[in-house]
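Novice: Can you keep this structure in mind? I'll have questions shortly.
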2 protein chains.
Amino acid sequence: MSHRQLSLNAFLHDTGHHEASWRHPDSSVERAHDIDFYIEIAQKAEAAKLDGIFFADVPGMWAATPYRPTAHLEPITRLAAIAARTERIGLIATASTTFYEPYNLARLFSGLDILSRGRAGWNIVTTQSDAVARNFSLKEIPSAEERYQRAQEFLDVVTKLWDSWEDDAILADRESGLYFDPEKVHAINHVGRHHQVEGALAAPRSPQGRPVYVQAGSSNDGRVFAARNAEAIFTAHQTIEDAKAFYDDIKSRTRTFGRNPDHVKILPGISPFLGDTEAEARELQEYVDSLTVPAYGLGQLEGIAGVSLRHLELDEAVPVELFAGSGDVLDNNRSRLQVVANIVERDRPTLRQLLHRLAGARGHNVVAGTPVQVADVITEWFEGGAADGFNVMPPLYPQLLDAFTDGVVPILQERGIFRTEYAGSTLREHYGLPRPDSIYSDAAGRSDAVATA
Amino acid sequence: MSHRQLSLNAFLHDTGHHEASWRHPDSSVERAHDIDFYIEIAQKAEAAKLDGIFFADVPGMWAATPYRPTAHLEPITRLAAIAARTERIGLIATASTTFYEPYNLARLFSGLDILSRGRAGWNIVTTQSDAVARNFSLKEIPSAEERYQRAQEFLDVVTKLWDSWEDDAILADRESGLYFDPEKVHAINHVGRHHQVEGALAAPRSPQGRPVYVQAGSSNDGRVFAARNAEAIFTAHQTIEDAKAFYDDIKSRTRTFGRNPDHVKILPGISPFLGDTEAEARELQEYVDSLTVPAYGLGQLEGIAGVSLRHLELDEAVPVELFAGSGDVLDNNRSRLQVVANIVERDRPTLRQLLHRLAGARGHNVVAGTPVQVADVITEWFEGGAADGFNVMPPLYPQLLDAFTDGVVPILQERGIFRTEYAGSTLREHYGLPRPDSIYSDAAGRSDAVATA
């Protein structure tokens, strides 16, 4: 395969990414907390040679609503269970730098990377919700600036911890009785503004050296953080033009940090309704849209916009100026607000139409069509400089992932832009990312080797 | 089975509980970080109908020594992977109340209990090490009093979180669009000295309601905490007399808290060297003892005693008065110090003999004999009011667990004191513990139901 290759993840989300998917008569809502449901999905994604599966996360309720599945299992434990029943597929979990201690999180991901033999990825988020802050002894969420400062220091700490055992630190020399080489296990002695961590990590270096660093924020703070640190970026765009602008911006920022832009994979979301005909696909989309509860969607939209929308009728056109202003918007909602503003300005939808647009995948790109049509969108974005791959967000699980893997993947394989077999065994290898050396690897004999008895 | 029944756990620990086990020519040291090694052990323990498997843990290096495997994977992720490849056996992980946020830990154990279908147990520890504190932005470990105060509040918080979704909170009513009943999901609104947590937990109530509460400290603070909260207690005793005194003390304290003493299982450690003859078992023990590195054992012993022992010769008798005093001992080491003081006073060992005694299982009861002899010890303690079961600590994994399950378990089954089939599917059912009701279960309509959009 000499062509540049697509990366494809399956973004798992309860019964599907459409907020009303659980109300579909054939939904798997009764299995939403059954680990075997997710294991079966992961095994199918692996059979289709996808790069990875991904869970979003927030350490609190998704939203204060009884109108959709809001209870969600902790993702790292879920992926550890899935790891034991899969062989190759990458396993990406979201975790918040604002609400974890770095030593604990470093251990959880080190555990996942070791037990999965090198398949872990970490979607690094700072979390923007006051409600979540109140689960962690805070009255309100720190500012975006404060959160990203802490996130950068957090990332530095866990990087040092993951590097603290050099790759060849374990000797296991029965003869001499030396289990490890004390010169190759390093106290990190981190002293910073937010964290003071002595180390070393209580685990050997993991198969990937470090899990893959993933990032999903599109605010300015988020873009700087991503360009400096991320190896894969999950992003939301409605049009190829918006996606291309984002792609160019990130790749260019990456260069200013002295990084190789090929080592930052940009993966927009795509949420495909698939049918044997375009009409069939649209019919399914319209049916699932019709299951939404407007009160819920309205609450979500008000959260994004930072203004009340209760004065609008459902079949009234949404005033363009409503989304043009700044409103009282949380930082991380700005990029999502921009997506909504663009839709309103371009398409002039009624409120009901706008709610349906957002119901599909919260601002991600929802497409309805045949496998060929969806493959065409993917190919066009991939070859048009708008994406290195996609985070696939089936509106209804497992049916619309099955339709994707059975229908769309073979077309992409025929076109030579997606693998027919895994070439490697780690997520880094699937993404074409290098395995980083330990920052301590040239440091044998350094004075920060751990004190030993 | 009308007899009172034994509980038996396999306490997993790298290549085995003997500190020099990894140096045995047939040790599995090369597999110490291979999840399949632990999955195979768990599957064997399950085939023998054991109640559970157990991992100790500390969020730092086991000890600052290069002389034994000190790198250990995070236990909750390990157990999640093991859960996916087993069906019935209980899964008990240690986690520290001093170094976790309660909301995060509540989610991890909720995840484990849900994905294992009700097999999770939590060994609640407060952690006593200054070195660990320095991994968490502290200069030194808080006092035992401070740690146990925080632990009690931590336990109250996670209990409320695990109860915050009533058992019948999920409606998943496609017709009405209501996923859960907002009257049955509760903000916990905890405001305490150490924690302020709003809740609810982002997960439905788990199969066991709450994971099984396990405790292992034997200091006075630890005993009070255990009598008040624990449903299973892991403990270390060298003689049946010491074990019986502890057993009576805990059961009596339990009554003073108004609890049913049958709902607190007391499980001493037992570390059996097994052979076809007693001579063969002793020979194996002596061989593994001979592999110890004295400098390491001496460091460990000095930590327990709080005094230097470097002036002693290895073959010199240990002066009784050395362990009689108080020394500068960390709180949680007091109970271990008492075990050592008892050995020295009773048996007057040389330093080398004492190091070998402790090398086996750090003060737990090491026995060497035939399967019948080991079964006799277990039966005597169990029927003599010294134990409700045992935490089995094979000196060498997997060989000496295999010898236990193949040799000792069938004898206990023949004697009618150990199950030949699982009667239930959860760890609570294996231990004969009740499933707790949610503290909110009579509270439909309470004003702390979560705000909903």
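By order of appearance in the structure tokens: chains A, B, ..., then residues from 1 within every chain, and ligands from 1 in the order shown.
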Show me which bits of chain A are within 6 Å of chain B, counting only C-alpha atoms, as a count of residues only.
Specialist: 39
Novice: Could you give me, as a ChimeraX atom specification, the residues within 12 Å of A:Phe55, counting only C-alpha atoms and dropping anything in the same chain fewer than 5 positions from it?
Specialist: /A:9-14,16-17,38,42,72-79,82,90-95,120-124,214,234,391-393
Novice: Using only N, CA and C atoms, please write the residues we just selected to a file, as a short mmCIF file (atom, residue, chain, number, x, y, z; two decimals), in the first residue's frame.
Specialist:
data_model
loop_
_atom_site.label_atom_id
_atom_site.label_comp_id
_atom_site.auth_asym_id
_atom_site.auth_seq_id
_atom_site.Cartn_x
_atom_site.Cartn_y
_atom_site.Cartn_z
N ASN A 9 -11.69 5.56 13.53
CA ASN A 9 -12.08 5.08 14.87
C ASN A 9 -13.58 4.89 14.92
N ALA A 10 -14.00 3.96 15.76
CA ALA A 10 -15.41 3.90 16.13
C ALA A 10 -15.56 4.61 17.48
N PHE A 11 -16.35 5.69 17.46
CA PHE A 11 -16.62 6.47 18.68
C PHE A 11 -17.87 5.85 19.31
N LEU A 12 -17.66 5.14 20.42
CA LEU A 12 -18.78 4.44 21.07
C LEU A 12 -19.57 5.41 21.94
N HIS A 13 -20.87 5.21 22.00
CA HIS A 13 -21.69 6.12 22.80
C HIS A 13 -23.05 5.48 23.07
N ASP A 14 -23.11 4.69 24.14
CA ASP A 14 -24.37 4.05 24.52
C ASP A 14 -25.06 3.42 23.31
N GLY A 16 -26.02 4.90 20.63
CA GLY A 16 -25.74 5.59 19.38
C GLY A 16 -25.60 7.08 19.62
N HIS A 17 -25.05 7.78 18.62
CA HIS A 17 -24.78 9.21 18.82
C HIS A 17 -26.00 10.08 18.67
N TYR A 38 -20.53 -3.80 24.37
CA TYR A 38 -19.38 -3.02 23.88
C TYR A 38 -18.27 -3.93 23.35
N ALA A 42 -16.65 -3.76 19.68
CA ALA A 42 -15.20 -3.65 19.49
C ALA A 42 -14.68 -4.78 18.60
N HIS A 72 -23.28 6.46 32.48
CA HIS A 72 -22.30 5.86 31.59
C HIS A 72 -21.18 5.30 32.44
N LEU A 73 -20.71 4.12 32.08
CA LEU A 73 -19.66 3.49 32.86
C LEU A 73 -18.34 4.21 32.66
N GLU A 74 -17.49 4.10 33.66
CA GLU A 74 -16.15 4.69 33.61
C GLU A 74 -15.39 4.05 32.44
N PRO A 75 -14.75 4.86 31.57
CA PRO A 75 -14.23 4.30 30.31
C PRO A 75 -12.95 3.47 30.45
N ILE A 76 -12.07 3.78 31.39
CA ILE A 76 -10.80 3.04 31.45
C ILE A 76 -11.05 1.59 31.87
N THR A 77 -11.95 1.39 32.86
CA THR A 77 -12.27 0.02 33.26
C THR A 77 -12.97 -0.72 32.11
N ARG A 78 -13.84 0.01 31.40
CA ARG A 78 -14.52 -0.64 30.26
C ARG A 78 -13.51 -1.09 29.22
N LEU A 79 -12.54 -0.21 28.90
CA LEU A 79 -11.56 -0.56 27.87
C LEU A 79 -10.64 -1.68 28.33
N ILE A 82 -12.55 -4.73 27.58
CA ILE A 82 -12.58 -4.94 26.13
C ILE A 82 -11.21 -5.43 25.64
N GLY A 90 -7.11 -0.30 18.77
CA GLY A 90 -6.74 0.71 19.75
C GLY A 90 -7.87 1.02 20.70
N LEU A 91 -7.52 1.51 21.90
CA LEU A 91 -8.48 1.69 23.00
C LEU A 91 -8.27 3.07 23.59
N ILE A 92 -9.14 4.01 23.24
CA ILE A 92 -8.93 5.41 23.61
C ILE A 92 -9.97 5.84 24.63
N ALA A 93 -9.50 6.31 25.78
CA ALA A 93 -10.39 6.77 26.85
C ALA A 93 -10.15 8.25 27.11
N THR A 94 -11.24 8.95 27.38
CA THR A 94 -11.17 10.34 27.81
C THR A 94 -10.95 10.38 29.32
N ALA A 95 -10.08 11.30 29.77
CA ALA A 95 -9.95 11.53 31.21
C ALA A 95 -9.52 12.98 31.42
N ALA A 120 -3.31 1.63 24.09
CA ALA A 120 -4.02 2.69 24.81
C ALA A 120 -3.82 4.06 24.19
N GLY A 121 -4.89 4.85 24.21
CA GLY A 121 -4.82 6.26 23.86
C GLY A 121 -5.57 7.05 24.93
N TRP A 122 -5.10 8.28 25.17
CA TRP A 122 -5.71 9.13 26.18
C TRP A 122 -6.24 10.40 25.53
N ASN A 123 -7.54 10.58 25.55
CA ASN A 123 -8.13 11.83 25.09
C ASN A 123 -8.11 12.81 26.27
N ILE A 124 -7.24 13.80 26.16
CA ILE A 124 -6.95 14.72 27.26
C ILE A 124 -7.97 15.84 27.26
N VAL A 214 -4.29 12.25 22.68
CA VAL A 214 -5.40 12.69 21.84
C VAL A 214 -5.99 13.94 22.46
N PHE A 234 -9.53 15.01 17.66
CA PHE A 234 -10.92 14.76 17.30
C PHE A 234 -11.60 16.11 17.18
N ASN A 391 -13.43 10.03 12.94
CA ASN A 391 -14.00 9.44 14.12
C ASN A 391 -15.44 9.09 13.72
N VAL A 392 -15.72 7.82 13.51
CA VAL A 392 -17.03 7.41 13.00
C VAL A 392 -18.01 7.31 14.16
N MET A 393 -19.13 8.03 14.03
CA MET A 393 -20.10 8.18 15.12
C MET A 393 -21.47 7.64 14.70
#
Novice: Between atom CA of A:Ile141 and atom CA of A:Thr97, what distance in Å does the model show, to one decimal?
Specialist: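 Atom CA of A:Thr97 lies 12.4 Å from atom CA of A:Ile141.
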Novice: So, counting only C-alpha atoms, which residue among B:Ala151, B:Ile266, B:Ala47, B:Leu322 is closest to B:Ala245?
Specialist: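 Result for the nearest residue to B:Ala245: B:Ile266.
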Novice: If you run DSSP over the backbone, which residues in stretch 74-156 of chain A end up strand (DSSP E)? Put them as a JSON list (two decimals) with C-alpha atoms, in the first residue's frame.
Specialist:
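The result, written out as out.json:
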[["chain", "number", "residue", "atom", "x", "y", "z"],
["A", 90, "GLY", "CA", -6.74, 0.71, 19.75],
["A", 91, "LEU", "CA", -8.48, 1.69, 23.00],
["A", 92, "ILE", "CA", -8.93, 5.41, 23.61],
["A", 93, "ALA", "CA", -10.39, 6.77, 26.85],
["A", 94, "THR", "CA", -11.17, 10.34, 27.81],
["A", 95, "ALA", "CA", -9.95, 11.53, 31.21],
["A", 96, "SER", "CA", -9.83, 14.97, 32.77],
["A", 120, "ALA", "CA", -4.02, 2.69, 24.81],
["A", 121, "GLY", "CA", -4.82, 6.26, 23.86],
["A", 122, "TRP", "CA", -5.71, 9.13, 26.18],
["A", 123, "ASN", "CA", -8.13, 11.83, 25.09],
["A", 124, "ILE", "CA", -6.95, 14.72, 27.26],
["A", 125, "VAL", "CA", -9.75, 17.02, 28.40]]
Novice: Write out as a PyMOL selection string each polymer residue whose atoms come within 7 Å of A:Leu351, counting only C-alpha atoms; drop sequence neighbours fewer than 3 positions from it.
Specialist: chain A and resi 314-318+354-355
Novice: Keeping N, CA and C atoms for every residue in the selection just given, could you write it to a file as a compact mmCIF listing (two decimals), in the first residue's frame?
Specialist:
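Below is the file that was written, selection-v2.txt:
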# COMPACT_ATOMS: atom_id res chain seq x y z
N LEU A 314 -41.34 26.45 17.53
CA LEU A 314 -40.54 25.39 16.91
C LEU A 314 -40.46 25.55 15.39
N ASP A 315 -41.53 26.07 14.76
CA ASP A 315 -41.50 26.17 13.30
C ASP A 315 -41.19 27.58 12.79
N GLU A 316 -40.65 28.38 13.69
CA GLU A 316 -40.23 29.74 13.36
C GLU A 316 -38.74 29.70 12.93
N ALA A 317 -38.37 30.53 11.95
CA ALA A 317 -36.96 30.60 11.56
C ALA A 317 -36.13 31.18 12.71
N VAL A 318 -34.96 30.60 12.91
CA VAL A 318 -34.09 31.06 14.00
C VAL A 318 -33.43 32.37 13.57
N LEU A 354 -33.22 23.10 13.22
CA LEU A 354 -31.91 23.26 13.87
C LEU A 354 -31.73 22.20 14.97
N LEU A 355 -32.79 21.98 15.76
CA LEU A 355 -32.68 20.97 16.82
C LEU A 355 -32.40 19.59 16.23
Novice: List the spatial neighbours of A:Asp248 as a list in words - criterion: any atom at most 12 Å away, only C-alpha atoms, same-chain residues fewer than 6 positions off excluded.
Specialist: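 Once the adjacent positions are removed, what remains is Arg223, Ala227, Ile240, Glu241, Asp242, Thr254, Arg255, Pro261, Val264, Ile266, Gly384, Gly385, Ala386, Ala387 and Asp388 of chain A.
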Novice: Using only C-alpha atoms, which of the listed residues (A:Arg228, A:Arg147, A:Arg282, A:His186) sits closest to A:Phe257?
Specialist: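 Nearest to A:Phe257: A:Arg228.
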Novice: Applying 12 Å and only C-alpha atoms, which residues near B:Asp347 remain after dropping the ones on its own chain fewer than 3 positions away? List them as an MDAnalysis selection string.
Specialist: chainID B and resid 238 317:320 340:344 350:351 353:354 357
Novice: List as an mmCIF file with C-alpha atoms, in the first residue's frame the protein and nucleic acid residues near A:Gly389, meaning an atom at most 12 Å away when only C-alpha atoms are counted, but skip any in the same chain fewer than 2 places from it.
Specialist:
data_model
loop_
_atom_site.group_PDB
_atom_site.id
_atom_site.type_symbol
_atom_site.label_atom_id
_atom_site.label_comp_id
_atom_site.auth_asym_id
_atom_site.auth_seq_id
_atom_site.Cartn_x
_atom_site.Cartn_y
_atom_site.Cartn_z
ATOM 1 C CA ARG A 4 -1.421 7.604 2.252
ATOM 2 C CA GLN A 5 -3.790 5.693 4.552
ATOM 3 C CA LEU A 6 -6.937 6.764 6.363
ATOM 4 C CA SER A 7 -7.370 6.321 10.099
ATOM 5 C CA LEU A 8 -10.840 5.301 11.294
ATOM 6 C CA ASN A 9 -12.079 5.081 14.870
ATOM 7 C CA ALA A 10 -15.415 3.904 16.133
ATOM 8 C CA LEU A 50 -10.450 0.014 12.338
ATOM 9 C CA ASP A 51 -7.665 1.855 14.156
ATOM 10 C CA GLY A 52 -9.409 2.184 17.472
ATOM 11 C CA ALA A 232 -4.471 12.793 17.221
ATOM 12 C CA ILE A 233 -7.191 15.446 17.247
ATOM 13 C CA PHE A 234 -10.918 14.758 17.297
ATOM 14 C CA THR A 235 -12.836 17.691 15.823
ATOM 15 C CA ALA A 243 -12.549 21.356 8.162
ATOM 16 C CA TYR A 247 -6.643 21.295 9.345
ATOM 17 C CA VAL A 264 -0.623 14.864 14.342
ATOM 18 C CA LYS A 265 -3.630 13.009 12.915
ATOM 19 C CA ILE A 266 -6.708 15.185 12.403
ATOM 20 C CA LEU A 267 -9.896 13.157 12.652
ATOM 21 C CA PRO A 268 -13.224 14.959 12.231
ATOM 22 C CA GLY A 269 -16.413 13.282 13.374
ATOM 23 C CA ILE A 270 -18.786 11.786 10.827
ATOM 24 C CA ALA A 375 -17.331 6.727 1.047
ATOM 25 C CA VAL A 377 -17.530 12.199 1.412
ATOM 26 C CA ILE A 378 -14.742 10.473 3.326
ATOM 27 C CA THR A 379 -12.539 10.250 0.245
ATOM 28 C CA GLU A 380 -13.164 13.867 -0.713
ATOM 29 C CA TRP A 381 -12.263 15.187 2.755
ATOM 30 C CA PHE A 382 -9.276 12.865 3.047
ATOM 31 C CA GLU A 383 -7.850 13.694 -0.358
ATOM 32 C CA GLY A 384 -8.898 17.333 -0.161
ATOM 33 C CA GLY A 385 -6.664 18.171 2.793
ATOM 34 C CA ALA A 386 -9.470 18.335 5.357
ATOM 35 C CA ALA A 387 -8.809 15.131 7.322
ATOM 36 C CA ASN A 391 -14.002 9.439 14.119
ATOM 37 C CA VAL A 392 -17.028 7.410 12.995
ATOM 38 C CA LEU A 412 -12.419 2.526 0.997
ATOM 39 C CA ILE A 417 -6.937 4.274 1.132
ATOM 40 C CA PHE A 418 -7.760 1.931 4.008
ATOM 41 C CA HIS A 430 -2.018 1.893 13.332
ATOM 42 C CA TYR A 431 -1.818 5.710 13.334
#
Novice: Write down as number ranges by chain the residues belonging to stretch 6-224 of chain A that are assigned alpha helix (DSSP H) by DSSP computed on the backbone.
Specialist: A: 35-47, 75-83, 102-115, 130-133, 144-163, 220-224
Novice: Given only C-alpha atoms as the basis, pick out the residue of A:Thr426, A:Thr126, A:Pro294, A:Pro394 nearest to A:Glu313.
Specialist: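 Of A:Thr426, A:Thr126, A:Pro294, A:Pro394, the one nearest A:Glu313, counting only C-alpha atoms, is A:Pro294.
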